[in-house]
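J.: File input24.txt below, compact mmCIF, C-alpha atoms and all ligand atoms:
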# COMPACT_ATOMS: atom_id res chain seq x y z
CA MET A 24 -40.88 91.07 6.06
CA THR A 25 -39.70 92.24 2.61
CA THR A 26 -38.30 95.67 1.71
CA GLU A 27 -36.62 97.13 -1.37
CA CYS A 28 -32.86 96.73 -1.94
CA ARG A 29 -30.92 100.03 -1.71
CA ILE A 30 -28.63 98.84 -4.52
CA CYS A 31 -30.88 97.19 -7.13
CA ALA A 32 -34.51 97.62 -5.91
CA GLY A 33 -34.83 93.80 -5.62
CA PRO A 34 -36.68 92.14 -2.72
CA VAL A 35 -34.85 92.18 0.64
CA GLU A 36 -35.86 89.31 2.93
CA GLU A 37 -35.27 89.82 6.63
CA PHE A 38 -33.33 87.06 8.43
CA LEU A 39 -32.32 88.58 11.79
CA ASP A 40 -34.11 90.93 14.19
CA LEU A 41 -31.84 92.47 16.86
CA GLY A 42 -34.68 94.40 18.44
CA ARG A 43 -35.19 97.98 19.50
CA GLN A 44 -31.83 99.72 19.49
CA PRO A 45 -30.53 103.24 20.23
CA LEU A 46 -28.02 105.21 18.13
CA SER A 47 -24.82 103.28 18.78
CA ASP A 48 -22.68 106.38 19.30
CA ALA A 49 -25.17 108.49 21.32
CA PHE A 50 -23.39 108.59 24.68
CA ARG A 51 -25.61 110.65 26.98
CA ARG A 52 -24.80 113.05 29.80
CA PRO A 53 -26.15 111.60 33.07
CA ASP A 54 -28.40 114.67 33.52
CA ASP A 55 -29.90 114.42 30.01
CA THR A 56 -33.58 113.58 30.49
CA ARG A 57 -34.67 113.86 26.85
CA PRO A 58 -36.12 110.63 25.44
CA GLU A 59 -33.58 108.51 23.55
CA PHE A 60 -34.04 107.77 19.86
CA PHE A 61 -34.71 104.09 19.12
CA TYR A 62 -35.26 102.18 15.89
CA ARG A 63 -35.68 98.51 14.94
CA LEU A 64 -32.36 96.88 14.02
CA ALA A 65 -33.07 94.09 11.57
CA VAL A 66 -31.04 92.67 8.70
CA GLY A 67 -32.09 91.22 5.35
CA VAL A 68 -30.57 89.90 2.15
CA CYS A 69 -31.47 90.96 -1.38
CA GLY A 70 -32.74 88.03 -3.44
CA THR A 71 -31.44 89.67 -6.65
CA CYS A 72 -27.97 91.14 -5.95
CA SER A 73 -27.28 89.36 -2.60
CA MET A 74 -26.47 92.61 -0.75
CA VAL A 75 -26.98 92.18 3.00
CA GLN A 76 -28.44 95.38 4.49
CA LEU A 77 -30.48 96.88 7.30
CA VAL A 78 -34.20 97.02 6.74
CA GLU A 79 -34.60 100.36 8.57
CA GLU A 80 -32.47 103.44 7.91
CA VAL A 81 -31.48 106.00 10.57
CA PRO A 82 -31.30 109.62 9.26
CA ARG A 83 -27.62 110.46 8.65
CA GLU A 84 -27.65 113.73 10.62
CA ARG A 85 -28.58 111.80 13.77
CA MET A 86 -25.39 109.74 13.48
CA PHE A 87 -22.76 112.06 11.96
CA HIS A 88 -22.56 115.50 13.53
CA GLU A 89 -20.36 117.91 15.48
CA ASP A 90 -20.10 115.55 18.47
CA TYR A 91 -19.52 112.25 16.62
CA PRO A 92 -17.23 110.55 19.14
CA TYR A 93 -15.27 107.92 17.16
CA VAL A 94 -11.66 108.86 16.41
CA SER A 95 -9.43 106.73 14.20
CA ARG A 96 -6.20 107.57 16.07
CA GLY A 97 -7.30 105.70 19.23
CA SER A 98 -5.66 102.43 18.16
CA ALA A 99 -1.92 102.02 17.51
CA VAL A 100 -2.70 99.10 15.16
CA MET A 101 -5.01 101.30 13.07
CA ARG A 102 -2.48 104.17 12.97
CA GLU A 103 0.08 101.76 11.53
CA HIS A 104 -2.51 100.27 9.16
CA PHE A 105 -3.39 103.68 7.72
CA ARG A 106 0.27 104.71 7.38
CA GLY A 107 0.78 101.65 5.17
CA VAL A 108 -2.30 102.48 3.07
CA ALA A 109 -1.18 106.09 2.64
CA GLU A 110 2.28 105.03 1.44
CA ARG A 111 0.73 102.87 -1.29
CA PHE A 112 -1.48 105.73 -2.49
CA ILE A 113 1.40 108.23 -2.51
CA ALA A 114 3.30 105.89 -4.86
CA ILE A 115 0.34 105.08 -7.13
CA ALA A 116 1.01 107.78 -9.76
CA ASP A 117 3.14 110.86 -10.44
CA ASP A 118 1.64 113.76 -8.51
CA PRO A 119 -1.54 111.87 -7.49
CA PHE A 120 -4.69 113.48 -6.10
CA VAL A 121 -5.99 111.39 -3.19
CA VAL A 122 -9.53 111.90 -1.88
CA GLU A 123 -10.71 110.20 1.30
CA LEU A 124 -14.39 109.85 2.22
CA GLY A 125 -14.91 109.79 5.99
CA CYS A 126 -11.34 110.89 6.73
CA ASN A 127 -12.38 111.37 10.37
CA ASP A 128 -9.44 112.83 12.38
CA GLY A 129 -7.08 112.61 9.39
CA THR A 130 -5.12 109.57 10.58
CA MET A 131 -4.62 108.25 7.02
CA LEU A 132 -4.39 111.57 5.15
CA ARG A 133 -1.82 113.06 7.53
CA THR A 134 0.86 110.82 6.00
CA VAL A 135 -0.28 111.94 2.52
CA ALA A 136 -0.22 115.62 3.57
CA GLU A 137 3.22 115.30 5.16
CA ALA A 138 4.55 113.89 1.86
CA GLY A 139 3.34 117.06 0.12
CA VAL A 140 0.86 115.05 -1.98
CA ARG A 141 -2.40 116.62 -3.21
CA HIS A 142 -5.32 115.39 -1.14
CA LEU A 143 -8.76 116.18 0.25
CA GLY A 144 -10.72 114.63 3.10
CA VAL A 145 -14.52 114.75 3.00
CA GLU A 146 -15.90 114.49 6.52
CA PRO A 147 -19.35 115.56 7.75
CA SER A 148 -18.65 115.18 11.48
CA GLY A 149 -17.34 118.62 12.44
CA GLY A 150 -15.42 117.76 15.61
CA VAL A 151 -13.26 115.06 14.04
CA ALA A 152 -12.83 117.10 10.84
CA ASP A 153 -11.35 119.90 13.00
CA LEU A 154 -8.82 117.43 14.43
CA ALA A 155 -7.78 116.53 10.87
CA ALA A 156 -7.43 120.20 9.87
CA ALA A 157 -5.35 120.90 12.99
CA ASP A 158 -2.92 118.21 11.76
CA GLY A 159 -2.44 119.91 8.39
CA VAL A 160 -4.98 117.82 6.45
CA ARG A 161 -7.07 119.61 3.83
CA VAL A 162 -10.64 118.74 4.74
CA ARG A 163 -14.11 119.63 3.49
CA LYS A 164 -16.85 119.39 6.15
CA ASP A 165 -19.53 117.72 4.12
CA PHE A 166 -21.30 114.48 3.32
CA PHE A 167 -19.84 112.92 0.18
CA GLU A 168 -22.57 112.42 -2.42
CA GLU A 169 -23.04 113.20 -6.10
CA ALA A 170 -23.26 117.00 -5.72
CA THR A 171 -20.19 117.17 -3.44
CA ALA A 172 -18.22 115.05 -5.91
CA ARG A 173 -19.11 117.30 -8.85
CA ASP A 174 -18.04 120.34 -6.83
CA ILE A 175 -14.68 118.77 -5.95
CA ARG A 176 -14.09 117.74 -9.55
CA ALA A 177 -14.79 121.31 -10.75
CA ALA A 178 -12.48 122.85 -8.13
CA ASP A 179 -9.62 120.30 -7.93
CA GLY A 180 -9.81 118.12 -11.03
CA PRO A 181 -10.04 114.32 -11.22
CA ALA A 182 -8.97 112.04 -8.37
CA ASP A 183 -6.42 109.28 -8.92
CA VAL A 184 -7.54 107.56 -5.73
CA ILE A 185 -10.86 107.74 -3.95
CA TYR A 186 -10.59 105.89 -0.65
CA ALA A 187 -13.01 105.12 2.15
CA ALA A 188 -12.29 103.02 5.26
CA ASN A 189 -15.17 101.93 7.46
CA THR A 190 -17.32 104.56 5.79
CA LEU A 191 -18.91 103.23 2.60
CA CYS A 192 -20.87 100.58 4.50
CA HIS A 193 -22.33 103.45 6.57
CA ILE A 194 -24.04 105.03 3.56
CA PRO A 195 -27.46 103.78 2.37
CA TYR A 196 -27.69 106.29 -0.52
CA MET A 197 -25.19 104.30 -2.58
CA GLY A 198 -26.57 105.40 -5.98
CA SER A 199 -25.59 109.01 -5.27
CA ILE A 200 -22.17 107.92 -3.93
CA LEU A 201 -21.32 105.87 -7.02
CA ARG A 202 -22.52 108.57 -9.43
CA GLY A 203 -20.24 110.88 -7.42
CA VAL A 204 -17.32 108.47 -7.78
CA ASP A 205 -17.98 108.33 -11.52
CA ALA A 206 -17.93 112.15 -11.71
CA LEU A 207 -14.73 112.54 -9.68
CA LEU A 208 -12.55 109.56 -10.61
CA ALA A 209 -9.82 110.01 -13.22
CA PRO A 210 -10.14 107.68 -16.27
CA ASP A 211 -7.45 105.36 -14.86
CA GLY A 212 -8.16 106.09 -11.19
CA VAL A 213 -9.09 103.59 -8.47
CA PHE A 214 -11.93 103.59 -5.98
CA VAL A 215 -10.75 101.66 -2.92
CA PHE A 216 -12.80 100.91 0.17
CA GLU A 217 -12.52 98.58 3.14
CA ASP A 218 -15.31 97.51 5.44
CA PRO A 219 -16.31 94.64 7.73
CA TYR A 220 -16.65 91.48 5.63
CA LEU A 221 -19.86 89.44 5.62
CA GLY A 222 -17.79 86.24 5.40
CA ASP A 223 -15.99 87.05 8.68
CA ILE A 224 -19.20 88.19 10.38
CA VAL A 225 -20.93 84.91 9.55
CA GLU A 226 -17.90 82.74 10.32
CA LYS A 227 -17.23 84.40 13.71
CA THR A 228 -20.90 85.12 14.48
CA SER A 229 -19.77 88.70 15.12
CA PHE A 230 -23.33 90.00 15.21
CA ASP A 231 -22.20 93.17 17.00
CA GLN A 232 -20.81 94.37 13.65
CA ILE A 233 -24.47 95.07 12.95
CA TYR A 234 -25.63 98.49 14.20
CA ASP A 235 -27.15 101.71 12.88
CA GLU A 236 -23.95 102.92 11.18
CA HIS A 237 -23.23 99.62 9.43
CA PHE A 238 -26.02 99.76 6.87
CA PHE A 239 -24.42 97.32 4.42
CA LEU A 240 -22.49 94.11 5.15
CA PHE A 241 -20.46 93.73 1.96
CA SER A 242 -19.22 90.57 0.24
CA ALA A 243 -17.20 90.24 -2.97
CA ARG A 244 -20.32 89.08 -4.78
CA SER A 245 -22.56 91.97 -3.67
CA VAL A 246 -19.80 94.52 -4.34
CA ASP A 247 -19.16 92.96 -7.76
CA GLU A 248 -22.88 93.34 -8.62
CA MET A 249 -22.99 96.86 -7.20
CA ALA A 250 -19.93 97.94 -9.20
CA ARG A 251 -21.28 96.52 -12.45
CA ARG A 252 -24.61 98.32 -12.05
CA HIS A 253 -22.71 101.61 -11.77
CA GLY A 254 -20.25 101.27 -14.64
CA LEU A 255 -17.33 100.11 -12.50
CA GLU A 256 -15.47 96.81 -12.16
CA LEU A 257 -14.25 94.96 -9.08
CA VAL A 258 -10.60 94.34 -9.97
CA ASP A 259 -8.98 93.25 -6.71
CA VAL A 260 -9.77 92.21 -3.15
CA GLU A 261 -7.56 91.95 -0.06
CA ARG A 262 -8.53 90.21 3.17
CA LEU A 263 -7.63 92.38 6.19
CA ALA A 264 -7.35 91.29 9.82
CA VAL A 265 -8.33 94.70 11.25
CA HIS A 266 -11.67 95.41 12.95
CA GLY A 267 -12.51 91.73 13.27
CA GLY A 268 -12.05 90.91 9.58
CA GLU A 269 -12.50 93.18 6.60
CA VAL A 270 -12.07 93.16 2.85
CA ARG A 271 -10.46 95.95 0.86
CA TYR A 272 -12.16 96.25 -2.54
CA TRP A 273 -10.44 97.89 -5.53
CA LEU A 274 -12.78 99.21 -8.24
CA ALA A 275 -11.80 100.76 -11.57
CA ARG A 276 -13.46 101.72 -14.81
CA PRO A 277 -14.10 98.71 -17.11
CA GLY A 278 -11.03 97.46 -18.96
CA VAL A 279 -8.56 99.76 -17.19
CA ARG A 280 -7.08 97.15 -14.83
CA PRO A 281 -7.09 93.36 -15.15
CA ARG A 282 -9.14 91.46 -12.57
CA THR A 283 -6.85 89.54 -10.20
CA ALA A 284 -7.19 85.86 -9.35
CA ALA A 285 -7.96 86.91 -5.76
CA VAL A 286 -11.38 88.20 -6.88
CA ASP A 287 -12.36 84.92 -8.51
CA ALA A 288 -11.04 82.94 -5.53
CA LEU A 289 -13.11 84.98 -3.05
CA LEU A 290 -16.21 84.79 -5.25
CA ALA A 291 -15.82 81.00 -5.37
CA GLU A 292 -15.40 80.85 -1.56
CA GLU A 293 -18.62 82.81 -1.18
CA ALA A 294 -20.80 80.44 -3.26
CA GLU A 295 -23.22 79.76 -0.37
CA LEU A 296 -22.54 82.82 1.82
CA ALA A 297 -25.73 84.74 1.05
CA SER A 298 -28.00 81.66 1.08
CA ARG A 299 -30.85 81.46 3.58
CA VAL A 300 -29.40 78.25 5.02
CA VAL A 301 -26.16 80.01 5.95
CA LEU A 302 -27.82 83.26 7.11
CA ASP A 303 -30.50 81.48 9.17
CA GLY A 304 -27.75 79.39 10.80
CA PHE A 305 -25.97 82.63 11.68
CA ALA A 306 -29.18 84.05 13.19
CA ASN A 307 -29.64 80.93 15.35
CA ARG A 308 -26.06 81.18 16.66
CA VAL A 309 -26.68 84.82 17.61
CA GLN A 310 -29.62 83.76 19.79
CA LYS A 311 -27.43 81.14 21.50
CA ILE A 312 -24.71 83.72 22.27
CA ARG A 313 -27.37 86.02 23.70
CA ALA A 314 -28.75 83.30 26.00
CA ASP A 315 -25.25 82.16 27.11
CA LEU A 316 -24.02 85.69 27.84
CA VAL A 317 -27.10 86.64 29.86
CA ALA A 318 -26.83 83.36 31.83
CA LEU A 319 -23.12 83.95 32.58
CA LEU A 320 -23.54 87.58 33.69
CA THR A 321 -26.60 86.73 35.80
CA ASP A 322 -24.70 83.92 37.51
CA LEU A 323 -21.74 86.23 38.25
CA ARG A 324 -24.08 88.84 39.73
CA GLU A 325 -25.71 86.22 41.92
CA ARG A 326 -22.27 85.19 43.14
CA GLY A 327 -21.51 88.85 43.96
CA GLU A 328 -18.70 89.14 41.36
CA ARG A 329 -17.98 92.52 39.74
CA VAL A 330 -17.95 92.71 35.92
CA VAL A 331 -16.56 95.77 34.11
CA GLY A 332 -16.94 96.36 30.38
CA TYR A 333 -13.82 97.13 28.29
CA GLY A 334 -14.30 99.44 25.28
CA ALA A 335 -17.50 101.49 24.90
CA THR A 336 -17.56 100.66 21.21
CA ALA A 337 -20.46 101.36 18.86
CA LYS A 338 -20.68 97.57 18.57
CA SER A 339 -21.30 97.19 22.30
CA ALA A 340 -24.68 98.93 21.97
CA THR A 341 -25.98 96.01 19.88
CA VAL A 342 -24.87 93.51 22.53
CA THR A 343 -26.10 95.34 25.63
CA ASN A 344 -29.45 96.27 24.08
CA LEU A 345 -30.07 92.85 22.53
CA CYS A 346 -29.23 91.08 25.80
CA GLY A 347 -30.81 93.62 28.17
CA ILE A 348 -27.45 94.22 29.92
CA GLY A 349 -27.56 97.25 32.24
CA PRO A 350 -25.50 98.59 35.16
CA ASP A 351 -26.88 95.77 37.34
CA LEU A 352 -24.84 93.28 35.27
CA VAL A 353 -21.91 95.44 34.08
CA GLU A 354 -20.84 98.07 36.63
CA PHE A 355 -19.21 100.46 34.14
CA ILE A 356 -17.39 100.42 30.81
CA CYS A 357 -13.87 101.85 30.60
CA ASP A 358 -12.87 103.64 27.41
CA THR A 359 -9.98 105.83 26.25
CA THR A 360 -12.20 108.21 24.22
CA PRO A 361 -12.63 111.44 26.22
CA ALA A 362 -15.92 112.26 24.43
CA LYS A 363 -17.48 109.06 25.81
CA GLN A 364 -16.17 109.31 29.37
CA HIS A 365 -18.49 110.36 32.23
CA ARG A 366 -21.45 109.68 29.97
CA LEU A 367 -23.95 106.82 29.84
CA ALA A 368 -23.77 104.15 27.15
CA PRO A 369 -26.69 104.32 24.69
CA GLY A 370 -29.83 102.45 25.66
CA SER A 371 -28.22 100.45 28.48
CA GLY A 372 -27.37 103.48 30.65
CA ILE A 373 -24.09 101.83 31.76
CA PRO A 374 -21.66 104.56 32.95
CA VAL A 375 -18.49 105.08 30.85
CA ARG A 376 -15.31 105.85 32.80
CA PRO A 377 -11.65 106.55 31.97
CA PRO A 378 -9.24 103.58 31.75
CA ALA A 379 -7.59 104.52 35.08
CA ASP A 380 -10.78 103.38 36.86
CA PHE A 381 -10.31 99.87 35.46
CA ALA A 382 -7.32 99.29 37.74
CA ASP A 383 -8.80 100.96 40.82
CA PRO A 384 -9.13 98.16 41.88
CA TYR A 385 -9.15 95.59 39.05
CA PRO A 386 -12.48 93.72 38.80
CA PRO A 387 -12.37 89.91 38.71
CA TYR A 388 -14.06 89.90 35.26
CA ALA A 389 -13.85 92.21 32.25
CA LEU A 390 -16.35 91.91 29.40
CA LEU A 391 -14.32 92.64 26.27
CA PHE A 392 -16.61 94.68 24.04
CA ALA A 393 -13.62 95.80 21.92
CA TRP A 394 -12.84 92.19 20.97
CA ASN A 395 -11.63 93.34 17.56
CA HIS A 396 -8.60 94.90 19.32
CA ALA A 397 -8.18 91.89 21.66
CA GLU A 398 -4.46 91.33 21.05
CA GLU A 399 -3.54 94.98 21.50
CA ILE A 400 -5.71 95.32 24.63
CA MET A 401 -4.63 92.07 26.30
CA ALA A 402 -0.97 92.97 25.79
CA LYS A 403 -1.58 96.44 27.28
CA GLU A 404 -3.57 95.06 30.22
CA ARG A 405 -1.19 92.29 31.29
CA ALA A 406 -1.37 93.58 34.88
CA PHE A 407 -5.11 92.76 34.93
CA ARG A 408 -4.31 89.11 34.17
CA ASP A 409 -1.43 89.13 36.64
CA ALA A 410 -3.90 90.33 39.30
CA GLY A 411 -6.08 87.27 38.57
CA GLY A 412 -8.55 89.02 36.23
CA LYS A 413 -10.44 87.06 33.56
CA TRP A 414 -11.65 88.23 30.17
CA ILE A 415 -15.17 87.42 29.00
CA THR A 416 -15.61 87.30 25.22
CA TYR A 417 -18.68 86.43 23.18
CA VAL A 418 -17.32 86.15 19.62
CA PRO A 419 -17.45 83.47 18.20
CA GLU A 420 -19.01 82.09 21.42
CA VAL A 421 -19.22 83.01 25.09
CA ARG A 422 -15.94 82.17 26.82
CA VAL A 423 -14.10 83.09 30.01
CA LEU A 424 -10.37 83.40 29.34
N1 LIG B 1 -12.14 106.28 8.04
C1 LIG B 1 -12.03 106.32 9.46
C2 LIG B 1 -11.54 105.01 10.01
O1 LIG B 1 -11.60 104.00 9.35
O2 LIG B 1 -11.08 105.01 11.16
C3 LIG B 1 -13.34 106.72 10.13
C4 LIG B 1 -14.43 105.72 10.10
S1 LIG B 1 -15.87 106.22 10.99
C5 LIG B 1 -16.43 104.68 11.56
C6 LIG B 1 -16.98 106.65 9.70
C7 LIG B 1 -16.80 108.06 9.23
O3 LIG B 1 -17.60 108.26 8.05
C8 LIG B 1 -17.25 109.10 10.24
O4 LIG B 1 -16.18 109.96 10.53
C9 LIG B 1 -18.42 109.80 9.54
O5 LIG B 1 -18.56 111.14 9.90
C10 LIG B 1 -18.07 109.58 8.08
N2 LIG B 1 -19.20 109.66 7.10
C11 LIG B 1 -20.47 109.24 7.23
N3 LIG B 1 -21.17 109.50 6.11
C12 LIG B 1 -20.32 110.08 5.23
C13 LIG B 1 -20.44 110.59 3.90
N4 LIG B 1 -21.57 110.56 3.21
N5 LIG B 1 -19.34 111.13 3.32
C14 LIG B 1 -18.15 111.18 3.98
N6 LIG B 1 -17.98 110.73 5.24
C15 LIG B 1 -19.05 110.18 5.86
Translate this structure into structure tokens?
T.:
Amino acid sequence: MTTECRICAGPVEEFLDLGRQPLSDAFRRPDDTRPEFFYRLAVGVCGTCSMVQLVEEVPRERMFHEDYPYVSRGSAVMREHFRGVAERFIAIADDPFVVELGCNDGTMLRTVAEAGVRHLGVEPSGGVADLAAADGVRVRKDFFEEATARDIRAADGPADVIYAANTLCHIPYMGSILRGVDALLAPDGVFVFEDPYLGDIVEKTSFDQIYDEHFFLFSARSVDEMARRHGLELVDVERLAVHGGEVRYWLARPGVRPRTAAVDALLAEEAELASRVVLDGFANRVQKIRADLVALLTDLRERGERVVGYGATAKSATVTNLCGIGPDLVEFICDTTPAKQHRLAPGSGIPVRPPADFADPYPPYALLFAWNHAEEIMAKERAFRDAGGKWITYVPEVRVL
């Protein structure tokens, strides 16, 4: 199947179909009998600009609303990560104006606010925006797009930094976003964003990075093309270990900042990344993981072993719904996010419970859905291992640890 690229209108060829999927963050009350929303989750690559993207788009208001449950502050590693980012932005200019798209609960901007630096968060999900405001962050409850950007520019002047973490890849209407960046960015300002990296996704076969909210899977090449088409230049890239492997892209107006050697090195590394050979190989490995995971969980059920899920992540919806994993295979999923607890995971209907239930008593097996926080979680849950518990992971392959 071929669709039209959301960046350049070129032909997008589908290479992976992950089936009928629910909204990845729609955790339902057990007594909610309304039909769930489903869409077809499939991924394609643009033959012209090489952008990897979903072939079907979910309306944004279905995903980002008052009850959007993801909060950035849930992970100590991410809190530290964002403190480091904030300190760099504070020092970037005299009296800088820092704008963050998708500021969520204000984890990054709080450091900026506490330093007395001018800032604004743009966040459409009301509940998390309120958390940011309660922490002293100046926040506008809105979707960032061209009109919002023009409004901010008129009210607050140009931005020295426009930043977005795990947000830009969520936004299909990229033309409006980049026209907005152009309207708001100071002549020597930087547009910085970090998102899951296609190179890591392919290398680790981390197919669960693909879900409704992750519309684009960026690479240096596709971002380079995207920037150029919108009067910007990719001037630097940084590989990040967070969230299973990301890249931070630095864009500026042409000629304002020299392009670093890191950009050329990553572009060279990516020579074959968006080829059909590489992407079809990825798709085949996904099907193998699916078959192996279903076989393992079915075998454990037949042997009467309990399996509990760890981390009711948005990513886990892709895995459970692709593999047909329900409460018969995974008893419940424990998660620290209050908004997800005592609800049912999307599509699969697996109950979500507070972390205390994990240890009451420990199950023999835990399926680690939050594998991107594996180190942090395994260190925190040493008692589970001491009690004889085993972790099941499925990225880059199904393993029992
Ligand atoms: N930046 C935070 C982080 O990295 O932890 C939050 C990331 S969260 C996965 C994505 C956020 O983007 C959500 O809080 C969502 O409401 C927000 N978002 C979605 N579309 C947006 C838009 N057009 N403008 C600004 N924020 C948006």
J.: Determine, for each residue of stretch 119-234 of chain A having at least one atom at most 7 Å from an atom of stretch 260-271 of chain A, the closest pair of atoms and their separation in Å to one decimal, counting only C-alpha atoms; order by chain and ascending number, as a tab-separated table.
T.:
residue	atom	partner	partner_atom	distance
A:Val215	CA	A:Arg271	CA	6.9
A:Phe216	CA	A:Arg271	CA	5.5
A:Glu217	CA	A:Arg271	CA	4.0
A:Asp218	CA	A:Glu269	CA	5.3
A:Pro219	CA	A:Glu269	CA	4.2
A:Tyr220	CA	A:Glu269	CA	4.6
A:Asp223	CA	A:Gly268	CA	5.6
J.: To test the calculation: enclose all listed atoms of stretch 147-159 of chain A in a box whose edges run along x, y and z, add 8 Å on each side, then state centre and edge lengths in Å to one decimal, as JSON.
T.:
{"center_x": -10.9, "center_y": 118.0, "center_z": 11.7, "size_x": 32.9, "size_y": 21.8, "size_z": 23.9}
J.: Compare A:Glu79, A:Asp153, A:Glu110, A:Glu59 by their minimum atom-to-atom distance to ligand LIG 1 (chain B), counting only C-alpha atoms and all ligand atoms, and give me the closest one.
T.: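 Answer, going by the shortest atom-to-atom distance: A:Asp153.
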J.: Using all atoms listed in the file, can you tell me which of A:Glu420, A:Asp322, A:Glu169, A:Asp259 comes closest to ligand LIG 1 (chain B)?
T.: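 Once distances to ligand LIG 1 (chain B) are computed over all atoms listed in the file, the minimum belongs to A:Glu169.
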J.: For ligand LIG 1 (chain B), return the neighbouring residues as a VMD selection string (distance at most 9 Å; only C-alpha atoms and all ligand atoms).
T.: chain A and resid 83 to 84 86 to 89 91 to 97 101 to 102 105 123 to 131 144 to 149 151 to 152 164 to 168 186 to 194 196 200 217 to 218 236 to 237 337
J.: With all atoms listed in the file as the atoms that count, which of A:Arg280, A:Arg313, A:Arg51, A:Arg252 lies nearest to A:Met197?
T.: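 Counting all atoms listed in the file, the residue closest to A:Met197 is A:Arg252.
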J.: Show me, as number ranges by chain, the residues that have an atom within 12 Å of A:Ala291 when counting only C-alpha atoms, minus same-chain residues fewer than 4 positions from it.
T.: A: 242-244, 284-287, 295-296
J.: Tell me, as a compact mmCIF listing (two decimals) with C-alpha atoms, keeping the file's coordinate frame, which residues lie within 8 Å of stretch 62-67 of chain A, counting all atoms listed in the file; anything in the same chain fewer than 4 positions away does not count.
T.:
# COMPACT_ATOMS: atom_id res chain seq x y z
CA VAL A 35 -34.85 92.18 0.64
CA GLU A 36 -35.86 89.31 2.93
CA GLU A 37 -35.27 89.82 6.63
CA PHE A 38 -33.33 87.06 8.43
CA LEU A 39 -32.32 88.58 11.79
CA ASP A 40 -34.11 90.93 14.19
CA LEU A 41 -31.84 92.47 16.86
CA GLY A 42 -34.68 94.40 18.44
CA ARG A 43 -35.19 97.98 19.50
CA GLN A 44 -31.83 99.72 19.49
CA PRO A 45 -30.53 103.24 20.23
CA VAL A 75 -26.98 92.18 3.00
CA GLN A 76 -28.44 95.38 4.49
CA LEU A 77 -30.48 96.88 7.30
CA VAL A 78 -34.20 97.02 6.74
CA GLU A 79 -34.60 100.36 8.57
CA VAL A 81 -31.48 106.00 10.57
CA TYR A 234 -25.63 98.49 14.20
CA ASP A 235 -27.15 101.71 12.88
J.: What would the list of residues within 12 Å of (-9.5, 81.3, 24.4) (file frame) look like as a list in words, if all atoms listed in the file are what count?
T.: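 Final list of nearby residues, as requested, is Trp394, Ala397, Glu398, Met401, Lys413, Trp414, Ile415, Thr416, Tyr417, Val418, Pro419, Glu420, Val421, Arg422, Val423 and Leu424 of chain A.
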J.: A:Gly107, A:Gly349, A:Thr360, A:Tyr333: which is nearest A:Phe407, counting only C-alpha atoms?
T.: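 Checking each candidate against A:Phe407, we get A:Tyr333 as the closest.
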J.: As an exercise, work out the distance from atom CA of A:Ile30 to atom CA of A:Gly212 in Å and give it to one decimal place.
T.: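 So the answer is 22.7 Å.
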J.: Please determine, counting only C-alpha atoms, which residue among A:Thr228, A:Ser73, A:Thr56, A:Thr283 has the shortest atom-to-atom distance to A:Ile312.
T.: A:Thr228
